[in-house]
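J.: Structure file target-v3.cif (mmCIF, C-alpha atoms) is given on the next line.
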```cif
data_work
#
loop_
_atom_site.label_atom_id
_atom_site.label_comp_id
_atom_site.auth_asym_id
_atom_site.auth_seq_id
_atom_site.Cartn_x
_atom_site.Cartn_y
_atom_site.Cartn_z
CA MET L 26 93.49 97.87 174.12
CA PRO L 27 91.71 94.83 172.55
CA LEU L 28 91.28 94.57 168.79
CA SER L 29 88.16 93.27 167.05
CA GLY L 30 88.25 90.06 165.02
CA LEU L 31 87.79 91.85 161.71
CA ASN L 32 90.53 94.31 162.58
CA ASN L 33 92.87 91.42 163.33
CA LEU L 34 91.99 89.79 160.03
CA PHE L 35 92.76 92.95 158.04
CA TRP L 36 95.94 93.50 160.03
CA ALA L 37 97.19 89.95 159.38
CA ALA L 38 96.21 90.06 155.70
CA GLY L 39 97.97 93.42 155.30
CA VAL L 40 101.20 92.20 156.90
CA LEU L 41 101.18 88.98 154.85
CA GLY L 42 100.41 90.90 151.65
CA HIS L 43 103.25 93.35 152.26
CA ILE L 44 105.70 90.54 153.05
CA ALA L 45 104.65 88.68 149.89
CA LEU L 46 105.15 91.86 147.86
CA LEU L 47 108.58 92.41 149.42
CA ILE L 48 109.54 88.86 148.46
CA VAL L 49 108.41 89.56 144.87
CA LEU L 50 110.36 92.84 144.80
CA PHE L 51 113.59 91.17 145.93
CA VAL L 52 113.28 87.80 144.15
CA ARG L 53 112.38 89.42 140.81
CA ARG L 54 115.01 92.14 141.39
CA ARG L 55 112.50 95.00 141.18
CA ALA L 56 113.81 96.47 144.45
CA VAL L 57 116.93 97.81 142.68
CA ARG L 58 114.84 99.71 140.18
CA PHE L 59 112.21 100.89 142.67
CA PRO L 60 114.06 101.56 145.95
CA PHE L 61 111.52 104.09 147.26
CA PHE L 62 108.57 101.85 146.52
CA THR L 63 110.36 98.97 148.24
CA ALA L 64 111.08 101.24 151.21
CA LEU L 65 107.39 102.21 151.33
CA ILE L 66 106.29 98.58 151.44
CA PHE L 67 108.95 97.74 154.03
CA SER L 68 107.89 100.71 156.17
CA ASN L 69 104.29 99.45 155.99
CA VAL L 70 105.33 96.10 157.48
CA LEU L 71 107.25 97.90 160.22
CA ARG L 72 104.35 100.30 160.79
CA SER L 73 101.87 97.44 161.18
CA LEU L 74 104.09 95.72 163.74
CA ILE L 75 104.90 98.89 165.70
CA LEU L 76 101.29 100.07 165.83
CA TYR L 77 100.05 96.61 166.78
CA LEU L 78 102.50 96.36 169.67
CA VAL L 79 101.83 99.92 170.86
CA ARG L 80 98.09 99.31 170.67
CA LEU L 81 98.39 96.14 172.72
CA TYR L 82 100.82 97.33 175.36
CA GLY L 83 100.86 101.12 175.17
CA SER L 84 98.53 103.94 176.14
CA ASP L 85 96.19 105.83 173.80
CA ARG L 86 98.62 108.75 173.88
CA ALA L 87 101.56 106.54 172.91
CA TYR L 88 99.52 105.05 170.07
CA LEU L 89 98.62 108.49 168.76
CA VAL L 90 102.26 109.63 168.79
CA ALA L 91 103.40 106.42 167.09
CA TYR L 92 100.61 106.74 164.52
CA LEU L 93 101.50 110.34 163.72
CA LEU L 94 105.19 109.47 163.31
CA CYS L 95 104.35 106.53 161.03
CA GLU L 96 101.95 108.71 159.02
CA GLY L 97 104.69 111.32 158.55
CA VAL L 98 107.15 108.69 157.29
CA ASP L 99 104.43 107.25 155.04
CA ILE L 100 103.70 110.64 153.43
CA LEU L 101 107.41 111.28 152.84
CA LEU L 102 107.85 107.86 151.24
CA GLN L 103 104.73 108.29 149.08
CA VAL L 104 106.10 111.58 147.77
CA SER L 105 109.39 109.78 147.06
CA VAL L 106 107.47 107.12 145.12
CA VAL L 107 105.86 109.88 143.04
CA TYR L 108 109.36 111.13 142.21
CA GLU L 109 110.42 107.57 141.41
CA VAL L 110 107.47 107.07 139.06
CA ALA L 111 108.17 110.40 137.34
CA PHE L 112 111.88 109.55 137.16
CA ASN L 113 111.16 106.23 135.44
CA THR L 114 108.34 107.41 133.18
CA LEU L 115 109.31 110.87 132.05
CA ARG L 116 113.01 110.22 131.40
CA PRO L 117 113.05 106.89 129.58
CA LEU L 118 116.38 107.60 127.88
CA GLY L 119 118.21 108.83 130.93
CA ARG L 120 117.20 112.49 130.76
CA TRP L 121 113.98 114.37 131.42
CA ALA L 122 111.82 114.79 128.34
CA ARG L 123 112.21 118.48 127.52
CA ASP L 124 108.61 119.21 126.66
CA VAL L 125 107.07 117.56 129.73
CA ARG L 126 109.39 119.11 132.32
CA HIS L 127 107.41 122.35 132.61
CA SER L 128 104.10 120.48 132.63
CA MET L 129 105.41 118.29 135.45
CA PHE L 130 106.42 121.33 137.55
CA LEU L 131 103.00 122.86 136.90
CA LEU L 132 101.29 119.61 137.87
CA VAL L 133 103.20 119.40 141.17
CA GLY L 134 102.46 123.06 141.96
CA VAL L 135 98.74 122.88 141.20
CA SER L 136 98.37 119.53 143.00
CA LEU L 137 100.04 120.90 146.15
CA LEU L 138 97.83 123.97 146.04
CA VAL L 139 94.57 122.04 145.57
CA ALA L 140 95.46 119.40 148.18
CA SER L 141 96.41 122.11 150.71
CA ALA L 142 93.22 124.10 150.05
CA LEU L 143 90.96 121.05 150.41
CA THR L 144 92.76 119.92 153.57
CA TRP L 145 92.37 123.40 155.04
CA MET L 146 88.64 123.30 154.26
CA ALA L 147 88.15 119.84 155.80
CA ALA L 148 86.53 119.91 159.23
CA PRO L 149 86.75 116.41 160.71
CA ASP L 150 84.20 115.84 163.45
CA ARG L 151 86.75 115.00 166.16
CA PRO L 152 87.02 116.76 169.51
CA ILE L 153 90.78 116.18 169.94
CA TRP L 154 93.07 118.22 167.71
CA GLU L 155 95.59 115.39 167.36
CA PHE L 156 92.92 113.19 165.76
CA GLN L 157 91.98 116.05 163.46
CA LEU L 158 95.64 116.30 162.48
CA VAL L 159 95.81 112.57 161.73
CA ILE L 160 92.71 112.71 159.53
CA LYS L 161 93.86 115.87 157.77
CA ALA L 162 97.35 114.45 157.15
CA GLY L 163 95.86 111.30 155.61
CA PHE L 164 93.44 113.32 153.52
CA PHE L 165 96.21 115.65 152.27
CA SER L 166 98.44 112.75 151.30
CA SER L 167 95.64 110.89 149.45
CA THR L 168 94.47 113.99 147.60
CA LEU L 169 98.00 114.87 146.54
CA MET L 170 98.78 111.31 145.43
CA SER L 171 95.58 110.90 143.40
CA GLU L 172 96.18 114.22 141.61
CA LEU L 173 99.84 113.50 140.91
CA PHE L 174 99.37 109.96 139.67
CA LEU L 175 96.46 110.83 137.43
CA GLY L 176 98.32 113.90 136.15
CA MET L 177 101.40 111.84 135.37
CA ALA L 178 99.36 109.21 133.57
CA VAL L 179 97.76 111.92 131.44
CA LEU L 180 101.14 113.54 130.82
CA SER L 181 102.75 110.31 129.69
CA VAL L 182 99.86 109.35 127.41
CA THR L 183 99.66 112.78 125.79
CA SER L 184 103.44 112.74 125.34
CA GLY L 185 103.43 109.22 123.93
CA LEU L 186 105.84 108.02 126.62
CA PRO L 187 105.83 104.29 127.40
CA TRP L 188 103.22 103.51 130.08
CA ARG L 189 102.99 99.74 130.01
CA THR L 190 105.83 98.88 132.32
CA HIS L 191 106.09 97.97 136.01
CA VAL L 192 106.26 101.62 136.98
CA ALA L 193 102.80 102.08 135.48
CA ARG L 194 101.46 99.23 137.64
CA ILE L 195 102.84 100.88 140.77
CA ALA L 196 101.31 104.22 139.75
CA HIS L 197 97.93 102.66 138.87
CA GLY L 198 97.71 100.91 142.23
CA LEU L 199 98.64 103.97 144.29
CA GLY L 200 96.51 106.27 142.14
CA VAL L 201 93.34 104.18 142.38
CA TYR L 202 93.78 103.58 146.11
CA SER L 203 94.43 107.28 146.79
CA LEU L 204 91.36 108.31 144.80
CA LEU L 205 89.12 105.90 146.73
CA ASP L 206 90.74 106.98 149.97
CA VAL L 207 89.85 110.62 149.25
CA ALA L 208 86.23 109.59 148.63
CA ILE L 209 86.07 107.52 151.81
CA GLU L 210 87.73 110.16 154.00
CA THR L 211 85.38 112.80 152.57
CA ALA L 212 82.36 110.64 153.34
CA LYS L 213 83.64 110.08 156.88
CA THR L 214 84.13 113.81 157.39
CA ALA L 215 80.62 114.51 156.10
CA LEU L 216 79.01 111.81 158.22
CA GLY L 217 80.57 112.90 161.49
CA ALA L 218 82.33 110.63 163.98
CA VAL L 219 79.68 110.28 166.63
CA GLN L 220 76.37 109.90 164.81
CA HIS L 221 77.27 107.20 162.28
CA GLN L 222 79.92 105.09 163.98
CA GLU L 223 78.88 101.83 162.26
CA LEU L 224 78.95 103.40 158.84
CA GLN L 225 82.33 104.96 159.65
CA ASP L 226 83.70 101.53 160.55
CA ALA L 227 82.27 100.01 157.37
CA LEU L 228 84.01 102.71 155.31
CA THR L 229 87.30 102.04 157.09
CA TYR L 230 87.02 98.31 156.36
CA GLY L 231 86.13 99.13 152.75
CA ARG L 232 89.30 101.19 152.44
CA LYS L 233 91.38 98.36 153.89
CA ALA L 234 89.76 95.85 151.52
CA VAL L 235 90.56 98.07 148.52
CA TYR L 236 94.17 98.29 149.68
CA LEU L 237 94.39 94.49 149.91
CA VAL L 238 93.12 94.21 146.33
CA VAL L 239 95.81 96.72 145.27
CA LEU L 240 98.44 94.64 147.09
CA VAL L 241 97.38 91.51 145.19
CA TYR L 242 97.48 93.52 141.91
CA TRP L 243 101.06 94.61 142.66
CA ILE L 244 102.15 91.09 143.63
CA VAL L 245 100.83 89.63 140.36
CA THR L 246 101.92 92.40 137.98
CA LEU L 247 105.37 92.92 139.49
CA TRP L 248 106.03 89.19 139.41
CA ARG L 249 105.35 89.11 135.68
CA ASP L 250 107.93 90.41 133.22
CA ALA L 251 107.28 93.76 131.56
CA PRO L 252 107.14 93.79 127.73
CA GLN L 253 110.70 94.16 126.48
CA PRO L 254 111.39 97.01 124.08
CA ARG L 255 113.22 96.15 120.88
CA GLU L 256 116.67 97.58 120.39
CA LEU L 257 117.97 99.35 117.34
CA SER L 258 121.33 98.39 115.94
CA GLU L 259 124.16 100.84 116.65
CA GLN L 260 124.31 101.75 112.95
CA VAL L 261 120.62 102.69 112.83
CA ARG L 262 120.91 104.52 116.15
CA GLU L 263 123.79 106.58 114.73
CA GLN L 264 121.73 107.21 111.58
CA LEU L 265 118.83 108.47 113.70
CA ARG L 266 121.12 110.78 115.64
CA SER L 267 122.54 112.30 112.46
CA ILE L 268 119.04 112.68 110.94
CA GLN L 269 117.89 114.49 114.05
CA ALA L 270 120.91 116.79 114.06
CA ARG L 271 120.53 117.53 110.35
CA LEU L 272 116.82 118.27 110.61
CA ALA L 273 117.31 120.46 113.67
CA TYR L 274 119.93 122.40 111.69
CA ASP L 275 117.70 122.63 108.61
CA LEU L 276 114.72 123.81 110.60
CA PHE L 277 116.78 126.38 112.45
CA THR L 278 118.09 127.72 109.14
CA LEU L 279 114.65 127.74 107.54
CA ARG L 280 112.93 129.43 110.43
CA ASN L 281 115.54 132.01 111.28
CA GLY L 282 116.98 132.71 107.90
CA ARG L 283 120.55 132.33 109.19
CA LYS L 284 123.02 129.63 110.05
CA PRO L 285 123.16 128.57 113.72
CA MET V 16 75.95 119.40 158.58
CA THR V 17 77.89 122.63 159.14
CA GLU V 18 78.41 125.28 156.51
CA GLN V 19 82.15 124.52 156.42
CA THR V 20 81.44 120.83 155.73
CA THR V 21 79.07 121.77 152.91
CA VAL V 22 81.72 123.98 151.28
CA PHE V 23 84.26 121.20 151.74
CA LEU V 24 81.95 118.64 150.11
CA ILE V 25 81.29 120.93 147.15
CA ALA V 26 85.04 121.54 146.70
CA VAL V 27 85.90 117.83 146.88
CA SER V 28 83.06 116.98 144.46
CA LEU V 29 84.44 119.56 142.06
CA MET V 30 87.94 118.12 142.31
CA PHE V 31 86.57 114.62 141.83
CA SER V 32 84.63 115.66 138.75
CA ILE V 33 87.75 117.22 137.25
CA LEU V 34 89.91 114.20 138.09
CA LEU V 35 87.37 111.69 136.77
CA THR V 36 86.76 113.67 133.58
CA THR V 37 90.49 113.96 133.00
CA GLY V 38 90.89 110.25 133.71
CA ALA V 39 88.09 109.40 131.27
CA VAL V 40 89.66 111.56 128.54
CA TYR V 41 93.05 109.94 129.17
CA LEU V 42 91.56 106.44 129.02
CA ARG V 43 89.66 107.29 125.85
CA ARG V 44 92.82 108.61 124.22
CA ALA V 45 94.88 105.61 125.38
CA ASN V 46 92.22 103.21 124.05
CA LYS V 47 91.97 105.15 120.82
CA LEU V 48 95.73 104.94 120.32
CA SER V 49 95.79 101.20 120.93
CA ARG V 50 92.66 100.63 118.80
CA GLU V 51 93.87 102.78 115.96
CA GLY V 52 97.43 101.70 116.52
CA SER V 53 97.87 100.30 113.02
CA LEU V 54 99.74 102.40 110.52
CA ASP V 55 96.78 102.43 108.14
CA ALA V 56 94.48 103.79 110.83
CA LEU V 57 96.99 106.51 111.65
CA LEU V 58 97.43 107.44 108.00
CA ALA V 59 93.66 107.60 107.56
CA ARG V 60 93.60 110.48 110.05
CA LEU V 61 95.90 112.61 107.89
CA VAL V 62 94.23 115.54 106.16
CA LEU V 63 95.39 115.87 102.57
CA VAL V 64 98.02 118.59 102.17
CA ASP V 65 99.84 119.12 98.87
CA ARG V 66 103.48 118.59 99.78
CA HIS V 67 104.72 119.96 96.43
CA LYS V 68 103.13 123.31 97.20
CA LEU V 69 104.66 123.26 100.67
CA ALA V 70 108.05 122.44 99.16
CA GLN V 71 107.73 125.57 97.00
CA ILE V 72 107.16 127.72 100.07
CA VAL V 73 110.12 126.14 101.85
CA ALA V 74 112.33 126.58 98.78
CA ASP V 75 111.35 130.25 98.72
CA LEU V 76 112.34 130.61 102.38
CA GLU V 77 115.60 128.75 101.78
CA GLY V 78 116.34 131.07 98.90
CA ALA V 79 115.77 134.07 101.15
CA SER V 80 118.18 132.71 103.71
CA GLU V 81 120.84 132.02 101.12
CA THR V 82 120.95 135.69 100.08
CA GLU V 83 122.18 136.42 103.64
CA ASP V 84 120.23 139.66 103.54
CA PHE V 85 118.25 138.83 106.66
CA ASP V 86 116.68 142.23 107.15
CA GLU V 87 114.98 142.02 103.80
CA PRO V 88 111.76 140.06 104.41
CA TYR V 89 111.17 139.09 100.79
CA ALA V 90 114.68 138.64 99.51
CA ARG V 91 114.92 137.52 95.93
CA HIS V 92 115.05 133.77 95.44
CA PRO V 93 118.26 132.80 93.55
CA ALA V 94 116.25 130.70 91.11
CA GLY V 95 113.51 133.27 90.50
CA ASP V 96 111.22 135.90 92.02
CA PRO V 97 110.30 135.58 95.69
CA LEU V 98 106.77 134.49 96.36
CA GLU V 99 104.21 137.25 96.68
CA PRO V 100 101.95 137.20 99.76
CA TRP V 101 98.95 136.16 97.65
CA GLN V 102 100.98 133.27 96.20
CA LEU V 103 101.91 132.17 99.71
CA TRP V 104 98.26 132.31 100.68
CA GLU V 105 97.28 130.12 97.73
CA LEU V 106 100.10 127.61 98.15
CA ALA V 107 99.50 127.23 101.90
CA GLY V 108 95.73 127.00 101.38
CA GLY V 109 95.00 130.00 103.58
CA ILE V 110 94.12 129.67 107.22
CA GLU V 111 92.26 126.40 106.46
CA GLY V 112 95.45 124.92 105.04
CA LEU V 113 97.37 125.83 108.17
CA GLU V 114 94.57 124.41 110.34
CA ALA V 115 94.89 121.14 108.40
CA MET V 116 98.64 121.11 108.99
CA ALA V 117 98.13 121.74 112.70
CA ALA V 118 95.69 118.80 112.81
CA ASN V 119 98.20 116.64 110.94
CA CYS V 120 100.84 117.48 113.57
CA GLU V 121 98.94 115.30 116.04
CA VAL V 122 99.08 112.42 113.57
CA LEU V 123 102.80 112.98 112.93
CA ILE V 124 103.45 112.76 116.67
CA ASP V 125 101.36 109.58 116.89
CA LEU V 126 103.30 108.19 113.94
CA ALA V 127 106.55 108.78 115.82
CA CYS V 128 105.02 107.24 118.96
CA TYR V 129 104.05 104.22 116.85
CA VAL V 130 107.75 103.61 116.16
CA GLN V 131 108.66 104.56 119.72
CA GLU V 132 106.45 101.76 121.04
CA TRP V 133 109.01 99.24 119.81
CA TYR V 134 112.11 101.40 119.72
CA PRO V 135 112.39 103.74 122.72
CA GLU V 136 115.36 105.36 120.98
CA ALA V 137 112.82 107.12 118.76
CA LEU V 138 111.75 109.19 121.77
CA PRO V 139 113.83 112.30 120.93
CA VAL V 140 112.17 112.42 117.51
CA ALA V 141 108.68 112.42 119.05
CA GLU V 142 109.85 115.01 121.54
CA GLU V 143 111.20 117.27 118.78
CA LEU V 144 107.93 116.87 116.86
CA ARG V 145 105.89 117.91 119.88
CA LEU V 146 107.99 121.06 120.22
CA ASN V 147 107.52 121.75 116.50
CA ALA V 148 103.76 121.20 116.80
CA ARG V 149 103.59 123.75 119.61
CA GLU V 150 105.47 126.21 117.44
CA ILE V 151 102.98 125.74 114.61
CA GLN V 152 100.11 126.27 117.05
CA TRP V 153 101.82 129.47 118.20
CA HIS V 154 102.06 130.77 114.61
CA LEU V 155 98.46 129.77 113.99
CA GLY V 156 97.39 131.57 117.15
CA ARG V 157 99.08 134.74 115.95
CA LEU V 158 97.31 134.44 112.60
CA ARG V 159 93.94 133.90 114.27
CA GLY V 160 94.59 136.98 116.37
CA ALA V 161 95.52 138.97 113.26
CA GLN V 162 92.38 137.69 111.53
CA SER V 163 90.17 138.89 114.35
CA ARG V 164 91.83 142.32 114.22
CA GLY V 165 91.55 142.46 110.42
CA HIS V 166 95.34 142.33 109.79
CA LEU V 167 95.49 138.82 108.37
CA GLN V 168 96.79 139.88 104.97
CA SER V 169 99.89 141.58 106.36
CA ALA V 170 100.59 138.99 109.05
CA PHE V 171 100.09 135.90 106.88
CA PRO V 172 103.43 135.75 105.03
CA GLU V 173 105.53 136.14 108.17
CA TYR V 174 103.82 133.51 110.32
CA ALA V 175 102.53 131.16 107.64
CA GLN V 176 105.87 130.68 105.91
CA ARG V 177 107.58 129.71 109.18
CA ALA V 178 104.69 127.40 110.14
CA VAL V 179 104.87 125.70 106.75
CA ALA V 180 108.66 125.31 107.02
CA THR V 181 108.28 123.72 110.44
CA TYR V 182 105.52 121.40 109.24
CA TYR V 183 107.53 120.41 106.19
CA GLY V 184 110.53 119.65 108.41
CA MET V 185 108.29 117.51 110.63
CA THR V 186 107.10 115.40 107.71
CA GLN V 187 110.71 114.88 106.57
CA HIS V 188 111.65 113.97 110.13
CA VAL V 189 108.95 111.29 110.37
CA LEU V 190 109.84 109.87 106.94
CA ALA V 191 113.51 109.71 107.92
CA LEU V 192 112.59 107.97 111.19
CA TYR V 193 110.58 105.28 109.39
CA GLU V 194 113.30 104.79 106.82
CA ALA V 195 116.05 104.50 109.44
CA SER V 196 114.19 102.25 111.88
CA GLY V 197 112.98 99.90 109.14
CA VAL V 198 109.42 99.88 110.47
CA PRO V 199 107.20 98.62 107.60
CA GLY V 200 105.08 101.20 105.81
CA TRP V 201 107.61 103.77 104.65
CA THR V 202 106.26 103.77 101.08
CA ARG V 203 102.65 104.21 102.23
CA LEU V 204 103.74 106.94 104.57
CA GLN V 205 105.61 108.75 101.84
CA ALA V 206 102.56 108.57 99.60
CA ALA V 207 100.30 109.90 102.38
CA LEU V 208 102.57 112.78 103.32
#
```
Would you mind writing the file's structure down as structure tokens?
T.:
Amino acid sequence: MPLSGLNNLFWAAGVLGHIALLIVLFVRRRAVRFPFFTALIFSNVLRSLILYLVRLYGSDRAYLVAYLLCEGVDILLQVSVVYEVAFNTLRPLGRWARDVRHSMFLLVGVSLLVASALTWMAAPDRPIWEFQLVIKAGFFSSTLMSELFLGMAVLSVTSGLPWRTHVARIAHGLGVYSLLDVAIETAKTALGAVQHQELQDALTYGRKAVYLVVLVYWIVTLWRDAPQPRELSEQVREQLRSIQARLAYDLFTLRNGRKP
Amino acid sequence: MTEQTTVFLIAVSLMFSILLTTGAVYLRRANKLSREGSLDALLARLVLVDRHKLAQIVADLEGASETEDFDEPYARHPAGDPLEPWQLWELAGGIEGLEAMAANCEVLIDLACYVQEWYPEALPVAEELRLNAREIQWHLGRLRGAQSRGHLQSAFPEYAQRAVATYYGMTQHVLALYEASGVPGWTRLQAAL
């Protein structure tokens, strides 16, 4: 099946962008800290190559199967990246912040519910059920990601947790892209596949262009060093620990009227 | 456009509105924190609360605990008579005083986050403060409920004294954090609190 010139351009730019990002992740040693994100980027390179080859040499059916499989892997990896972002943001000292744990569970639950409900409501104008599945899977993943990333950003800001590091850049990129993707997929569903084919194509190219911008953002920000936190001396750290223990004890005594 | 598509569009628009509003609030708060990130700006947000009066309430509670007669709600303070409910009301400044303390809790958390920005080890302190702030809000909620039912007078001593003790502990916690970490401004902070 032949590909249009613009499609080829986006395909090539996407592959090059992903390879450049992979180089940044490995050269700057970010891959160790963000294994799931690195796996997501690597899977995108593989996905581009596999889909390109299947599209050139395979049948429509084979392409659809390959696309669905790649989409499934992509969704799983995106969910893993959400966990990775939460893992790095909400447990900066090696354990989950106590007071955000429940909020995080609530956020995941509500996001899943809303994304499932909206996906169920979506009625893509496609005659073949496999295509409907592809569109719905993409829509579900984008809705879930945009909700989770925005929710996490809000959670970390309201909790005063550090949000200026590389993990924030990854979350910003995925969050913004997912949000725009939801808008674009919604517009495509509303327009219908048959009546507005040119507009549909323009929206698809718009989505790809936004993703390329996000790729460049990641390449630049992940290349740069994150601001380094200062470290307390061991003596002060010990002092802080004892102050915390003493105040916790005092407060317990004051509030309960008995020794713990 | 089918009816199902219309419902879908309305639902997505609703979700978008909620997400964008939440995002805008988050950005506003993040900008506000970075704009007002100086210690002076944070201290300016503190509502004046007389810490000596609060210390009296806490001392009264400590005295009650030291008698080890925990079933007696107003156990005699070893250094004098226990505070009467009306005295508690006056010292705490009534519901308005507690509202001021609840508002100050936000500032106390931001003050801890101010230190945390440079020293991530300060995170447990901010975390503890957030839990304390929620507890104060809980006590305040109970008092508001009692006020609406006309039982404020009887409920005030029980909830207010614990809220004040928690708030007082929070202020001591923040002061200790600034003293230990060596972040400039401890004297100003002590004066403000």
J.: I need the residue nearest chain L from this list: V:Ala207, V:Ile72, V:Val140, V:Leu158. Use all atoms listed in the file for the distance.
T.: V:Val140
J.: Between V:Glu105, V:Glu114, V:Glu18, V:Asp55, single out the one closest to chain L, counting all atoms listed in the file.
T.: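 Answer, going by the shortest atom-to-atom distance: V:Glu18.
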J.: So what do you get for atom CA of Ala147 of chain L versus atom CA of Arg232 of chain L, distance-wise?
T.: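 Separation of atom CA of Ala147 of chain L and atom CA of Arg232 of chain L: 19.0 Å.
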J.: Here's the selection I'm unsure about, the PyMOL selection byres ((chain V and resi 150-152) around 10); applied to the file above, which residues does it give, as a list in words?
T.: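 That expression, the PyMOL selection byres ((chain V and resi 150-152) around 10), corresponds here to Leu113, Glu114, Met116, Ala117, Ala118, Cys120, Leu144, Arg145, Leu146, Asn147, Ala148, Arg149, Trp153, His154, Leu155, Gly156, Arg157, Leu158, Tyr174, Ala175, Arg177, Ala178, Val179, Ala180, Thr181 and Tyr182 of chain V.
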J.: Report, in Å to a single decimal, how far apart atom CA of Ser203 of chain L and atom CA of Val79 of chain L are.
T.: 26.2 Å
J.: Pull out every residue that the PyMOL selection byres ((chain V and resi 186) around 12) matches in the shown coordinates and put them as number ranges by chain.
T.: L: 272, 276; V: 61, 64, 66, 69-70, 116, 119-124, 126-127, 140-141, 143-144, 147-148, 179-185, 187-193, 204-208
J.: Could you work out how far atom CA of Gln176 of chain V lies from atom CA of Ile110 of chain V, giving the answer in Å with one decimal?
T.: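 According to the coordinates, atom CA of Ile110 of chain V and atom CA of Gln176 of chain V are separated by 11.9 Å.
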J.: Might you pull out every residue within 7 Å of Phe165 of chain L, with all atoms listed in the file counted and same-chain residues fewer than 3 positions away left off, and present them as a tab-separated table (two decimals) with C-alpha atoms, keeping the file's coordinate frame?
T.:
```
chain	number	residue	atom	x	y	z
L	140	ALA	CA	95.46	119.40	148.18
L	141	SER	CA	96.41	122.11	150.71
L	144	THR	CA	92.76	119.92	153.57
L	161	LYS	CA	93.86	115.87	157.77
L	162	ALA	CA	97.35	114.45	157.15
L	168	THR	CA	94.47	113.99	147.60
L	169	LEU	CA	98.00	114.87	146.54
```
J.: With the PyMOL selection byres ((chain L and resi 231) around 12) as the selection, what would be picked from this file? Answer as a list of chain:residue names, please.
T.: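 Selected by the PyMOL selection byres ((chain L and resi 231) around 12) in this file: L:Leu31, L:Asn32, L:Phe35, L:Tyr202, L:Leu205, L:Asp206, L:Ala208, L:Ile209, L:Glu210, L:Lys213, L:Leu224, L:Gln225, L:Asp226, L:Ala227, L:Leu228, L:Thr229, L:Tyr230, L:Arg232, L:Lys233, L:Ala234, L:Val235, L:Tyr236, L:Leu237, L:Val238.
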J.: Which one of L:Phe164, L:Tyr82, L:Phe130, L:Tyr92 sits closest to chain V if you count only C-alpha atoms?
T.: L:Phe164
J.: V:Glu142, V:Glu111, V:Ala39, V:Ala59: which is nearest chain L, counting only C-alpha atoms?
T.: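 The closest residue to chain L is V:Glu142.
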J.: Show me, as an mmCIF file with C-alpha atoms, keeping the file's coordinate frame, the residues that have an atom within 7 Å of segment 97-113 of chain L when counting only C-alpha atoms, minus same-chain residues fewer than 4 positions from it.
T.:
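Result file is out12.cif:
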```
data_model
loop_
_atom_site.group_PDB
_atom_site.id
_atom_site.type_symbol
_atom_site.label_atom_id
_atom_site.label_comp_id
_atom_site.auth_asym_id
_atom_site.auth_seq_id
_atom_site.Cartn_x
_atom_site.Cartn_y
_atom_site.Cartn_z
ATOM 1 C CA PHE L 61 111.520 104.090 147.260
ATOM 2 C CA PHE L 62 108.570 101.850 146.520
ATOM 3 C CA LEU L 65 107.390 102.210 151.330
ATOM 4 C CA LEU L 93 101.500 110.340 163.720
ATOM 5 C CA PRO L 117 113.050 106.890 129.580
ATOM 6 C CA SER L 166 98.440 112.750 151.300
ATOM 7 C CA VAL L 192 106.260 101.620 136.980
ATOM 8 C CA ALA L 196 101.310 104.220 139.750
#
```
